[in-house]
$ cat query26.csv   # CSV, C-alpha atoms
chain,number,residue,atom,x,y,z
A,1409,MET,CA,-24.4,19.0,2.8
A,1410,LYS,CA,-23.5,16.7,5.7
A,1411,ILE,CA,-21.6,17.3,8.9
A,1412,LEU,CA,-19.7,15.1,11.3
A,1413,GLU,CA,-19.7,16.7,14.8
A,1414,ASN,CA,-18.5,16.0,18.3
A,1415,ILE,CA,-15.0,15.0,17.1
A,1416,ALA,CA,-12.5,14.9,20.0
A,1417,THR,CA,-9.6,15.5,17.6
A,1418,LEU,CA,-9.4,15.5,13.8
A,1419,TYR,CA,-6.1,14.8,12.2
A,1420,THR,CA,-5.9,16.4,8.8
A,1421,CYS,CA,-2.6,14.7,7.8
A,1422,ALA,CA,-1.9,17.5,5.3
A,1423,MET,CA,1.4,17.2,3.3
A,1424,ASP,CA,2.8,20.4,5.0
A,1425,GLY,CA,5.6,20.0,7.5
A,1426,GLU,CA,7.6,17.0,8.5
A,1427,GLN,CA,6.6,13.3,8.8
A,1428,LYS,CA,5.6,13.9,12.4
A,1429,ASP,CA,3.3,16.7,11.6
A,1430,VAL,CA,-0.3,15.4,11.3
A,1431,HIS,CA,-2.0,18.7,12.0
A,1432,PRO,CA,-4.5,17.8,14.8
A,1433,ILE,CA,-7.6,20.0,15.3
A,1434,PRO,CA,-9.3,19.5,18.7
A,1435,ASN,CA,-13.1,19.8,19.1
A,1436,ALA,CA,-13.5,19.6,15.3
A,1437,ALA,CA,-16.2,19.3,12.7
A,1438,LEU,CA,-16.1,18.1,9.1
A,1439,ILE,CA,-18.5,19.1,6.4
A,1440,TRP,CA,-18.9,17.4,3.0
A,1441,ASP,CA,-21.1,17.6,0.0
A,1442,ASN,CA,-21.7,14.6,-2.2
A,1443,ASP,CA,-18.2,12.9,-2.4
A,1444,SER,CA,-16.0,15.9,-1.5
A,1445,ILE,CA,-14.9,17.7,1.7
A,1446,VAL,CA,-16.2,21.3,1.9
A,1447,TRP,CA,-14.9,22.5,5.2
A,1448,VAL,CA,-12.7,21.3,8.1
A,1449,GLY,CA,-12.1,23.2,11.4
A,1450,LYS,CA,-13.1,23.8,15.0
A,1451,ALA,CA,-16.7,23.0,15.8
A,1452,ASP,CA,-17.3,26.6,17.1
A,1453,GLU,CA,-16.1,28.0,13.8
A,1454,VAL,CA,-18.5,26.2,11.5
A,1455,PRO,CA,-19.8,28.7,8.9
A,1456,ALA,CA,-23.4,29.5,9.5
A,1457,ASN,CA,-24.3,29.8,5.9
A,1458,TYR,CA,-23.8,26.1,5.0
A,1459,PRO,CA,-27.1,24.3,4.3
A,1460,ILE,CA,-26.7,21.2,6.5
A,1461,ASN,CA,-29.3,18.5,5.8
A,1462,GLN,CA,-27.8,15.5,7.7
A,1463,ARG,CA,-25.8,15.3,10.9
A,1464,PHE,CA,-23.5,12.6,12.2
A,1465,ASP,CA,-22.2,12.3,15.8
A,1466,ALA,CA,-18.6,11.1,16.2
A,1467,GLU,CA,-19.4,10.6,19.9
A,1468,GLY,CA,-16.0,12.0,21.1
A,1469,ARG,CA,-13.9,9.8,18.9
A,1470,ILE,CA,-10.9,10.8,16.9
A,1471,VAL,CA,-11.2,11.2,13.1
A,1472,LEU,CA,-8.6,10.4,10.5
A,1473,PRO,CA,-8.3,10.3,6.7
A,1474,GLY,CA,-9.2,6.8,5.3
A,1475,LEU,CA,-6.2,4.6,5.6
A,1476,ILE,CA,-4.3,3.7,2.4
A,1477,ASP,CA,-2.6,0.3,2.0
A,1478,CYS,CA,-0.2,1.2,-0.8
A,1479,HIS,CA,1.5,-2.2,-1.3
A,1480,THR,CA,-0.5,-5.4,-1.5
A,1481,HIS,CA,-0.6,-8.6,-3.6
A,1482,LEU,CA,-4.4,-8.8,-3.2
A,1483,ALA,CA,-5.4,-11.6,-5.6
A,1484,PHE,CA,-3.7,-15.0,-5.4
A,1485,GLY,CA,-4.5,-18.7,-5.3
A,1486,GLY,CA,-3.9,-20.8,-2.2
A,1487,TRP,CA,-1.9,-20.1,0.9
A,1488,ARG,CA,1.5,-21.1,2.2
A,1489,ALA,CA,1.1,-22.1,5.8
A,1490,ASP,CA,3.6,-24.9,5.4
A,1491,GLU,CA,6.3,-22.4,4.6
A,1492,PHE,CA,5.5,-20.5,7.8
A,1493,GLU,CA,6.3,-23.7,9.7
A,1494,LEU,CA,9.6,-24.2,7.8
A,1495,ARG,CA,10.7,-20.6,8.5
A,1496,SER,CA,9.7,-21.0,12.2
A,1497,LEU,CA,12.1,-23.9,12.3
A,1498,GLY,CA,14.9,-21.9,10.8
A,1499,ALA,CA,14.6,-22.2,7.0
A,1500,ALA,CA,15.6,-19.1,5.0
A,1501,TYR,CA,13.2,-17.5,2.6
A,1502,ILE,CA,15.6,-17.7,-0.3
A,1503,ASP,CA,16.3,-21.4,0.4
A,1504,ILE,CA,12.5,-22.2,0.4
A,1505,ALA,CA,12.2,-20.3,-3.0
A,1506,LYS,CA,15.1,-22.3,-4.5
A,1507,ALA,CA,13.5,-25.5,-3.5
A,1508,GLY,CA,10.4,-24.6,-5.5
A,1509,GLY,CA,8.4,-22.9,-2.8
A,1510,GLY,CA,7.9,-19.2,-2.3
A,1511,ILE,CA,6.5,-17.2,-5.1
A,1512,LEU,CA,6.5,-20.1,-7.5
A,1513,SER,CA,4.2,-22.1,-5.2
A,1514,THR,CA,1.7,-19.3,-5.4
A,1515,VAL,CA,2.1,-19.0,-9.1
A,1516,LYS,CA,1.1,-22.6,-9.5
A,1517,ASN,CA,-2.1,-22.1,-7.5
A,1518,THR,CA,-2.9,-18.8,-9.1
A,1519,ARG,CA,-2.7,-20.2,-12.6
A,1520,LYS,CA,-5.1,-23.0,-11.5
A,1521,ALA,CA,-7.6,-20.5,-10.0
A,1522,THR,CA,-10.5,-19.1,-12.0
A,1523,LYS,CA,-11.1,-15.4,-12.3
A,1524,TYR,CA,-14.3,-15.9,-10.2
A,1525,GLU,CA,-12.4,-17.7,-7.4
A,1526,LEU,CA,-9.7,-15.0,-7.3
A,1527,LYS,CA,-12.3,-12.3,-7.3
A,1528,GLU,CA,-14.4,-13.7,-4.5
A,1529,LYS,CA,-11.4,-14.3,-2.3
A,1530,ALA,CA,-10.2,-10.8,-2.9
A,1531,ARG,CA,-13.6,-9.4,-2.3
A,1532,GLY,CA,-13.8,-11.1,1.1
A,1533,VAL,CA,-10.4,-9.7,2.1
A,1534,LEU,CA,-11.4,-6.2,1.0
A,1535,ALA,CA,-14.5,-6.3,3.2
A,1536,GLN,CA,-12.3,-7.1,6.2
A,1537,MET,CA,-9.8,-4.4,5.3
A,1538,THR,CA,-12.6,-1.8,5.1
A,1539,ALA,CA,-13.7,-2.7,8.6
A,1540,LEU,CA,-10.2,-1.8,9.8
A,1541,GLY,CA,-10.5,1.7,8.2
A,1542,VAL,CA,-8.7,1.0,4.9
A,1543,THR,CA,-10.4,2.9,2.1
A,1544,THR,CA,-7.8,2.7,-0.6
A,1545,VAL,CA,-5.8,-0.4,-1.7
A,1546,GLU,CA,-2.9,-0.8,-4.2
A,1547,CYS,CA,-3.2,-4.2,-5.8
A,1548,LYS,CA,-0.3,-6.0,-7.6
A,1549,SER,CA,-0.4,-8.8,-10.1
A,1550,GLY,CA,2.7,-11.0,-10.2
A,1551,TYR,CA,1.5,-14.5,-9.4
A,1552,GLY,CA,0.5,-15.4,-13.0
A,1553,LEU,CA,3.7,-14.9,-14.9
A,1554,THR,CA,2.1,-15.6,-18.3
A,1555,THR,CA,0.4,-13.0,-20.4
A,1556,GLU,CA,-3.0,-14.8,-19.9
A,1557,ASP,CA,-2.7,-15.2,-16.2
A,1558,GLU,CA,-1.3,-11.7,-15.5
A,1559,ILE,CA,-4.2,-10.2,-17.4
A,1560,LYS,CA,-6.6,-12.5,-15.5
A,1561,VAL,CA,-5.4,-11.1,-12.2
A,1562,LEU,CA,-5.5,-7.5,-13.4
A,1563,GLU,CA,-9.0,-8.0,-14.8
A,1564,VAL,CA,-10.1,-9.2,-11.3
A,1565,TYR,CA,-9.0,-5.8,-10.0
A,1566,LYS,CA,-10.7,-3.9,-12.8
A,1567,GLU,CA,-14.0,-5.7,-12.1
A,1568,LEU,CA,-13.7,-5.2,-8.4
A,1569,LYS,CA,-13.4,-1.5,-8.8
A,1570,THR,CA,-17.0,-1.4,-9.9
A,1571,ASP,CA,-18.2,-3.9,-7.2
A,1572,VAL,CA,-16.6,-2.6,-3.9
A,1573,PRO,CA,-16.6,0.8,-2.3
A,1574,ASN,CA,-12.8,0.9,-1.8
A,1575,ARG,CA,-10.5,2.8,-4.2
A,1576,LEU,CA,-8.3,0.2,-6.0
A,1577,VAL,CA,-5.1,1.0,-7.8
A,1578,SER,CA,-3.6,-1.6,-10.0
A,1579,THR,CA,0.1,-2.5,-10.5
A,1580,PHE,CA,1.6,-4.9,-13.0
A,1581,LEU,CA,4.3,-7.1,-11.4
A,1582,GLY,CA,5.0,-9.5,-14.1
A,1583,ALA,CA,8.7,-9.2,-13.1
A,1584,HIS,CA,8.1,-10.8,-9.7
A,1585,THR,CA,10.4,-13.8,-10.5
A,1586,ILE,CA,11.4,-15.9,-13.5
A,1587,PRO,CA,8.7,-18.6,-14.0
A,1588,PRO,CA,9.8,-22.2,-14.0
A,1589,GLU,CA,9.3,-22.7,-17.8
A,1590,PHE,CA,11.8,-19.9,-18.5
A,1591,ILE,CA,14.3,-20.8,-15.8
A,1592,GLU,CA,17.0,-21.6,-18.5
A,1593,ARG,CA,15.7,-18.9,-20.8
A,1594,ARG,CA,15.4,-15.8,-18.7
A,1595,ASP,CA,16.2,-13.4,-21.6
A,1596,GLU,CA,13.2,-14.8,-23.4
A,1597,TYR,CA,11.0,-14.1,-20.4
A,1598,ILE,CA,12.2,-10.5,-20.2
A,1599,ASP,CA,11.5,-10.2,-23.9
A,1600,LEU,CA,8.0,-11.5,-23.2
A,1601,LEU,CA,7.5,-8.9,-20.5
A,1602,CYS,CA,8.8,-6.0,-22.7
A,1603,LYS,CA,7.4,-7.0,-26.1
A,1604,GLU,CA,4.0,-8.6,-25.2
A,1605,MET,CA,2.8,-8.2,-21.6
A,1606,ILE,CA,3.5,-4.5,-21.0
A,1607,PRO,CA,2.1,-3.4,-24.4
A,1608,LYS,CA,-1.1,-5.4,-24.0
A,1609,ILE,CA,-1.7,-4.4,-20.4
A,1610,SER,CA,-1.1,-0.8,-21.2
A,1611,GLU,CA,-3.4,-0.9,-24.2
A,1612,ALA,CA,-6.1,-2.5,-22.1
A,1613,LYS,CA,-5.6,0.1,-19.3
A,1614,LEU,CA,-5.3,-2.6,-16.7
A,1615,ALA,CA,-2.5,-1.0,-14.6
A,1616,GLU,CA,-1.1,2.3,-13.7
A,1617,PHE,CA,2.3,1.1,-12.4
A,1618,CYS,CA,5.0,-1.3,-13.4
A,1619,ASP,CA,6.8,-3.0,-10.5
A,1620,ILE,CA,9.7,-5.3,-10.3
A,1621,PHE,CA,11.5,-7.4,-7.6
A,1622,VAL,CA,15.2,-6.6,-7.7
A,1623,GLU,CA,17.0,-9.2,-5.8
A,1624,ILE,CA,19.5,-12.1,-6.0
A,1625,SER,CA,16.7,-14.6,-6.5
A,1626,ALA,CA,14.7,-12.4,-8.9
A,1627,PHE,CA,15.9,-9.6,-11.3
A,1628,THR,CA,19.2,-7.7,-11.8
A,1629,ILE,CA,19.5,-4.0,-11.9
A,1630,GLU,CA,20.2,-4.1,-15.7
A,1631,GLU,CA,17.1,-6.2,-16.3
A,1632,ALA,CA,15.0,-3.9,-14.1
A,1633,ARG,CA,16.1,-0.8,-15.9
A,1634,ARG,CA,15.0,-2.3,-19.2
A,1635,ILE,CA,11.7,-3.5,-17.9
A,1636,LEU,CA,10.8,-0.3,-16.1
A,1637,GLU,CA,11.9,1.9,-18.9
A,1638,THR,CA,9.7,-0.1,-21.2
A,1639,GLY,CA,6.8,0.3,-18.8
A,1640,LYS,CA,7.4,4.1,-18.7
A,1641,ALA,CA,7.4,4.2,-22.5
A,1642,HIS,CA,3.9,2.6,-22.3
A,1643,GLY,CA,2.6,5.0,-19.6
A,1644,LEU,CA,3.2,2.8,-16.6
A,1645,SER,CA,4.9,4.6,-13.7
A,1646,PRO,CA,7.8,2.6,-12.1
A,1647,LYS,CA,7.9,1.1,-8.7
A,1648,ILE,CA,10.5,-1.2,-7.3
A,1649,HIS,CA,10.7,-4.0,-4.6
A,1650,ALA,CA,14.2,-2.9,-3.5
A,1651,ASP,CA,16.9,-4.0,-1.1
A,1652,GLN,CA,14.7,-6.4,0.8
A,1653,LEU,CA,17.0,-9.3,1.3
A,1654,SER,CA,20.3,-7.8,0.3
A,1655,CYS,CA,21.7,-4.4,-0.7
A,1656,SER,CA,21.0,-4.6,-4.5
A,1657,SER,CA,21.1,-0.9,-5.4
A,1658,GLY,CA,17.3,-0.9,-6.0
A,1659,ALA,CA,16.9,2.4,-4.2
A,1660,GLU,CA,19.4,4.0,-6.4
A,1661,LEU,CA,17.6,2.7,-9.5
A,1662,ALA,CA,14.3,4.0,-8.2
A,1663,ALA,CA,15.8,7.5,-7.9
A,1664,GLU,CA,17.4,7.3,-11.3
A,1665,LEU,CA,14.1,6.4,-13.0
A,1666,GLY,CA,11.9,8.7,-10.9
A,1667,ALA,CA,9.9,5.9,-9.4
A,1668,ALA,CA,6.8,6.6,-7.4
A,1669,SER,CA,8.2,4.5,-4.6
A,1670,ALA,CA,10.8,2.0,-3.6
A,1671,ASP,CA,9.4,-0.6,-1.2
A,1672,HIS,CA,11.0,-2.8,1.5
A,1673,LEU,CA,14.5,-1.2,1.8
A,1674,GLU,CA,15.6,-3.2,4.8
A,1675,TYR,CA,19.2,-3.2,3.3
A,1676,ILE,CA,19.2,0.2,1.7
A,1677,SER,CA,22.5,1.9,1.4
A,1678,ASP,CA,23.4,5.4,2.5
A,1679,GLN,CA,23.7,6.4,-1.2
A,1680,GLY,CA,20.3,5.0,-1.9
A,1681,ILE,CA,18.8,7.1,0.9
A,1682,SER,CA,20.6,10.2,-0.4
A,1683,ASP,CA,19.4,9.6,-4.0
A,1684,MET,CA,15.8,9.0,-3.0
A,1685,ALA,CA,15.7,12.1,-0.9
A,1686,LYS,CA,17.0,14.2,-3.8
A,1687,LYS,CA,14.4,12.8,-6.2
A,1688,GLY,CA,11.5,12.7,-3.8
A,1689,VAL,CA,10.9,9.0,-4.1
A,1690,VAL,CA,8.6,7.6,-1.4
A,1691,ALA,CA,10.0,4.8,0.8
A,1692,VAL,CA,7.3,2.2,1.5
A,1693,SER,CA,8.1,0.3,4.7
A,1694,LEU,CA,6.6,-3.2,5.2
A,1695,PRO,CA,7.0,-4.1,8.8
A,1696,LEU,CA,4.8,-7.2,8.7
A,1697,ALA,CA,7.2,-8.7,6.1
A,1698,THR,CA,10.1,-7.7,8.3
A,1699,PHE,CA,8.5,-9.4,11.2
A,1700,TYR,CA,7.4,-12.6,9.4
A,1701,LEU,CA,10.9,-13.0,7.8
A,1702,CYS,CA,12.8,-12.0,10.9
A,1703,GLN,CA,14.7,-9.4,8.9
A,1704,PRO,CA,16.3,-6.3,10.2
A,1705,ALA,CA,13.9,-3.4,10.1
A,1706,ILE,CA,14.1,-0.7,7.5
A,1707,PRO,CA,16.2,2.3,8.8
A,1708,ALA,CA,13.2,4.5,9.1
A,1709,ARG,CA,14.8,7.2,11.3
A,1710,LYS,CA,17.7,7.6,8.8
A,1711,LEU,CA,15.2,7.9,5.9
A,1712,ILE,CA,13.0,10.4,7.8
A,1713,GLU,CA,16.0,12.5,8.9
A,1714,ALA,CA,17.3,12.6,5.3
A,1715,GLY,CA,13.9,14.0,4.1
A,1716,VAL,CA,12.6,10.8,2.5
A,1717,PRO,CA,8.8,10.4,3.1
A,1718,VAL,CA,8.2,7.0,4.6
A,1719,ALA,CA,4.9,5.2,3.9
A,1720,VAL,CA,3.7,2.2,5.9
A,1721,SER,CA,1.9,-0.7,4.2
A,1722,THR,CA,1.1,-4.4,4.8
A,1723,ASP,CA,2.7,-6.2,1.8
A,1724,PHE,CA,-0.3,-8.5,2.1
A,1725,ASN,CA,0.6,-11.7,0.3
A,1726,PRO,CA,0.5,-15.5,1.1
A,1727,GLY,CA,4.1,-15.9,1.8
A,1728,SER,CA,6.1,-13.2,3.6
A,1729,ALA,CA,3.2,-11.1,5.0
A,1730,PRO,CA,0.0,-13.1,5.2
A,1731,SER,CA,-1.9,-10.4,7.1
A,1732,PHE,CA,-3.9,-7.4,5.8
A,1733,HIS,CA,-4.1,-5.7,9.2
A,1734,LEU,CA,-2.8,-2.2,8.4
A,1735,PRO,CA,-3.2,-0.8,12.0
A,1736,MET,CA,-1.0,-3.7,13.2
A,1737,ALA,CA,1.6,-2.8,10.6
A,1738,MET,CA,1.4,0.8,11.9
A,1739,MET,CA,2.0,-0.4,15.5
A,1740,MET,CA,5.0,-2.5,14.2
A,1741,ALA,CA,6.3,0.6,12.4
A,1742,CYS,CA,6.6,2.1,15.8
A,1743,THR,CA,8.1,-0.8,17.6
A,1744,LEU,CA,10.4,-2.3,14.9
A,1745,GLN,CA,11.2,0.8,12.8
A,1746,LYS,CA,11.3,3.4,15.7
A,1747,MET,CA,8.7,5.6,14.1
A,1748,SER,CA,6.3,7.7,16.2
A,1749,PRO,CA,2.6,7.0,16.0
A,1750,ALA,CA,2.1,10.3,14.2
A,1751,GLU,CA,4.8,9.4,11.7
A,1752,ALA,CA,3.1,6.0,11.1
A,1753,LEU,CA,-0.2,7.8,10.6
A,1754,LYS,CA,1.2,10.2,8.0
A,1755,GLY,CA,2.8,7.1,6.4
A,1756,THR,CA,-0.6,5.5,5.9
A,1757,THR,CA,-2.4,8.6,4.7
A,1758,ILE,CA,-0.8,11.4,2.7
A,1759,TYR,CA,2.5,9.7,2.1
A,1760,ALA,CA,0.8,6.5,1.1
A,1761,ALA,CA,-1.3,8.5,-1.3
A,1762,LYS,CA,1.9,10.0,-2.7
A,1763,ALA,CA,3.3,6.5,-3.2
A,1764,ILE,CA,0.4,5.7,-5.6
A,1765,GLN,CA,0.2,9.2,-7.1
A,1766,ARG,CA,-3.1,10.1,-5.5
A,1767,ASP,CA,-2.1,12.8,-3.0
A,1768,SER,CA,-4.0,15.5,-4.8
A,1769,GLU,CA,-7.2,13.6,-4.3
A,1770,ILE,CA,-7.0,11.5,-1.1
A,1771,GLY,CA,-4.8,11.0,2.0
A,1772,SER,CA,-5.7,14.1,4.0
A,1773,LEU,CA,-8.8,15.8,5.3
A,1774,GLU,CA,-8.8,19.1,3.4
A,1775,ALA,CA,-11.4,21.1,1.5
A,1776,GLY,CA,-11.6,19.9,-2.1
A,1777,LYS,CA,-10.4,16.3,-1.4
A,1778,LYS,CA,-12.5,13.2,-1.4
A,1779,ALA,CA,-14.6,12.6,1.7
A,1780,ASP,CA,-12.8,9.4,2.8
A,1781,PHE,CA,-12.5,9.4,6.6
A,1782,ILE,CA,-12.8,7.1,9.6
A,1783,GLU,CA,-13.7,7.3,13.3
A,1784,ILE,CA,-11.3,5.6,15.8
A,1785,ASP,CA,-12.3,4.8,19.3
A,1786,ALA,CA,-9.2,6.1,21.1
A,1787,GLU,CA,-8.1,9.2,23.0
A,1788,ASN,CA,-5.5,10.2,20.5
A,1789,VAL,CA,-3.2,8.6,17.9
A,1790,ASN,CA,-0.6,7.7,20.5
A,1791,HIS,CA,-3.2,5.8,22.5
A,1792,TRP,CA,-4.6,4.0,19.4
A,1793,LEU,CA,-1.4,2.4,18.4
A,1794,TYR,CA,-0.1,1.9,22.0
A,1795,HIS,CA,-3.2,0.1,23.2
A,1796,PHE,CA,-3.4,-2.2,20.3
A,1797,ARG,CA,-6.8,-4.0,19.8
A,1798,SER,CA,-8.2,-6.2,17.0
A,1799,ASN,CA,-10.1,-3.2,15.7
A,1800,ALA,CA,-10.7,0.2,17.1
A,1801,CYS,CA,-12.3,1.6,13.9
A,1802,GLU,CA,-16.0,2.4,14.6
A,1803,ARG,CA,-17.2,3.9,11.4
A,1804,VAL,CA,-15.9,4.3,7.8
A,1805,PHE,CA,-16.9,6.8,5.1
A,1806,ILE,CA,-15.8,6.5,1.5
A,1807,ASN,CA,-16.7,9.2,-1.1
A,1808,GLY,CA,-18.9,10.7,1.6
A,1809,GLU,CA,-21.0,7.5,2.0
A,1810,HIS,CA,-21.3,5.7,5.3
A,1811,ILE,CA,-19.8,2.3,4.3
A,1812,HIS,CA,-19.2,0.5,7.6
A,1813,GLY,CA,-20.1,0.7,11.3
A,1814,ASN,CA,-23.1,1.8,13.3

$ encode --input "query26.csv" --output "structure tokens"
Amino acid sequence: MKILENIATLYTCAMDGEQKDVHPIPNAALIWDNDSIVWVGKADEVPANYPINQRFDAEGRIVLPGLIDCHTHLAFGGWRADEFELRSLGAAYIDIAKAGGGILSTVKNTRKATKYELKEKARGVLAQMTALGVTTVECKSGYGLTTEDEIKVLEVYKELKTDVPNRLVSTFLGAHTIPPEFIERRDEYIDLLCKEMIPKISEAKLAEFCDIFVEISAFTIEEARRILETGKAHGLSPKIHADQLSCSSGAELAAELGAASADHLEYISDQGISDMAKKGVVAVSLPLATFYLCQPAIPARKLIEAGVPVAVSTDFNPGSAPSFHLPMAMMMACTLQKMSPAEALKGTTIYAAKAIQRDSEIGSLEAGKKADFIEIDAENVNHWLYHFRSNACERVFINGEHIHGN
């Protein structure tokens, strides 16, 4: 067994309690065996009968569960810095998309890219995410929009799972937008999604979730219901990009279908909040996208007060959130969304785990869960997110193995 000692405060981030309850243990110790946590508690209460054969010193740092980025578009071709300039000069996201930019620009570059190119680019990003303390990453497709190219991206994720230490969770997002070759034949594209892509991806076990972008510029509620129900019939749990640019009733649909999460939600209705609370759907907030697009922030306080668990993620993608810095997203959850640092922490740990249906395995530091934890050079969680630095993460453990840091 191994032990981490000299911990100033360990935050278990257990599911119990409210969003603000992260269950700190001062002067703590953590014991694990192989890949699983055995014991967590105060250092002066460590059981004497545990056969400890290796000791690690946290040097007075705080210890957190490994951070979980539960909404990313990890693999894509090219970048879109030109659109950043256009938006900075006042162009709207939807107008850029209608002019052939936006998602379709990345689709073009992703189709051109080889699997090797996509894989190596994603591998480099994952290494930098790990250094920030991110141990689990949800990865969406959605920039191929053909059967061949969607499978290509999902195969990149499948291969990376055996190559990198991080836990990767794959999501099929073939319903990201209508591809240009189907612009006048959208019903045919939806048939392709339902009759070919979803069955093939399910059979090959390339994804666990089926996601869709419900928006004026993307898919309607009726189309989303058909696609997500088809996904459910093939064993893919539903997720929804909901109410990002307009109030489109995506949150209500997420509740109706029992989705794992509804993401974005800047324009969610009161009815959507109520429905999600009743059905236990996780709200995934994406403050980096809010910031980059100059959108109003998700009403996090209303969601939290209604009993909706609010996760925090980056939405890493080449257009609306070209940053994978999850701690920065956490800081922005505090400043833009009016969440407390503790609430943001719970949103990137156990609630993020719930958004990807992994909360029984990861997301908190409790006996029986995987030994994914990080050391942060800060006095406490408040000080970590208040005194924002490029990286305060000193050491990263995944599955009990020391992955990053001195």

$ closest_residue --input "query26.csv" --among "A:Asn1799, A:Val1716, A:Phe1699, A:Thr1638" --to "Ala1663 of chain A" --atoms "only C-alpha atoms"
A:Val1716

$ closest_residue --input "query26.csv" --among "A:Ile1648, A:Val1622, A:Val1471, A:Leu1734" --to "Ala1779 of chain A" --atoms "all atoms listed in the file"
A:Val1471

$ closest_residue --input "query26.csv" --among "A:Ala1670, A:Ile1676, A:Ala1786, A:Ala1750" --to "Ala1763 of chain A" --atoms "only C-alpha atoms"
A:Ala1670

$ closest_residue --input "query26.csv" --among "A:Val1720, A:Ala1539, A:Leu1694, A:Cys1478" --to "His1812 of chain A" --atoms "only C-alpha atoms"
A:Ala1539

$ closest_atom_pairs --input "query26.csv" --of "segment 1690-1750 of chain A" --to "segment 1505-1523 of chain A" --cutoff "10 Å" --atoms "all atoms listed in the file" --output "CSV"
residue,atom,partner,partner_atom,distance
A:Asn1725,CA,A:Thr1514,CA,9.6
A:Pro1726,CA,A:Thr1514,CA,7.6
A:Gly1727,CA,A:Gly1510,CA,6.5
A:Ser1728,CA,A:Gly1510,CA,8.6

$ atom_distance --input "query26.csv" --atom1 "atom CA of Ser1578 of chain A" --atom2 "atom CA of Lys1566 of chain A"
8.0 Å

$ residues_near_point --input "query26.csv" --point "(-29.4, 13.1, 13.3)" --cutoff "12 Å" --atoms "all atoms listed in the file" --output "PyMOL selection string"
chain A and resi 1410-1413+1460-1466

$ write_last_selection --input "query26.csv" --atoms "C-alpha atoms" --output "PDB file, in the coordinates of the input"
ATOM      1  CA  LYS A1410     -23.500  16.700   5.700  1.00  0.00           C
ATOM      2  CA  ILE A1411     -21.600  17.300   8.900  1.00  0.00           C
ATOM      3  CA  LEU A1412     -19.700  15.100  11.300  1.00  0.00           C
ATOM      4  CA  GLU A1413     -19.700  16.700  14.800  1.00  0.00           C
ATOM      5  CA  ILE A1460     -26.700  21.200   6.500  1.00  0.00           C
ATOM      6  CA  ASN A1461     -29.300  18.500   5.800  1.00  0.00           C
ATOM      7  CA  GLN A1462     -27.800  15.500   7.700  1.00  0.00           C
ATOM      8  CA  ARG A1463     -25.800  15.300  10.900  1.00  0.00           C
ATOM      9  CA  PHE A1464     -23.500  12.600  12.200  1.00  0.00           C
ATOM     10  CA  ASP A1465     -22.200  12.300  15.800  1.00  0.00           C
ATOM     11  CA  ALA A1466     -18.600  11.100  16.200  1.00  0.00           C
TER      12      ALA A1466
END

$ closest_residue --input "query26.csv" --among "A:Thr1555, A:Ile1502, A:Gly1639, A:Ser1669" --to "Ala1626 of chain A" --atoms "all atoms listed in the file"
A:Ile1502

$ residues_near_point --input "query26.csv" --point "(1.8, -13.3, -14.1)" --cutoff "9 Å" --atoms "all atoms listed in the file" --output "list in words"
Val1515, Thr1518, Arg1519, Ser1549, Gly1550, Tyr1551, Gly1552, Leu1553, Thr1554, Thr1555, Glu1556, Asp1557, Glu1558, Ile1559, Lys1560, Val1561, Phe1580, Leu1581, Gly1582, Ala1583, His1584 and Pro1587 of chain A

$ atom_distance --input "query26.csv" --atom1 "atom CA of His1431 of chain A" --atom2 "atom CA of Val1542 of chain A"
20.2 Å

$ closest_residue --input "query26.csv" --among "A:Ile1629, A:Leu1644, A:Ile1591, A:Ile1624" --to "Ile1606 of chain A" --atoms "all atoms listed in the file"
A:Leu1644
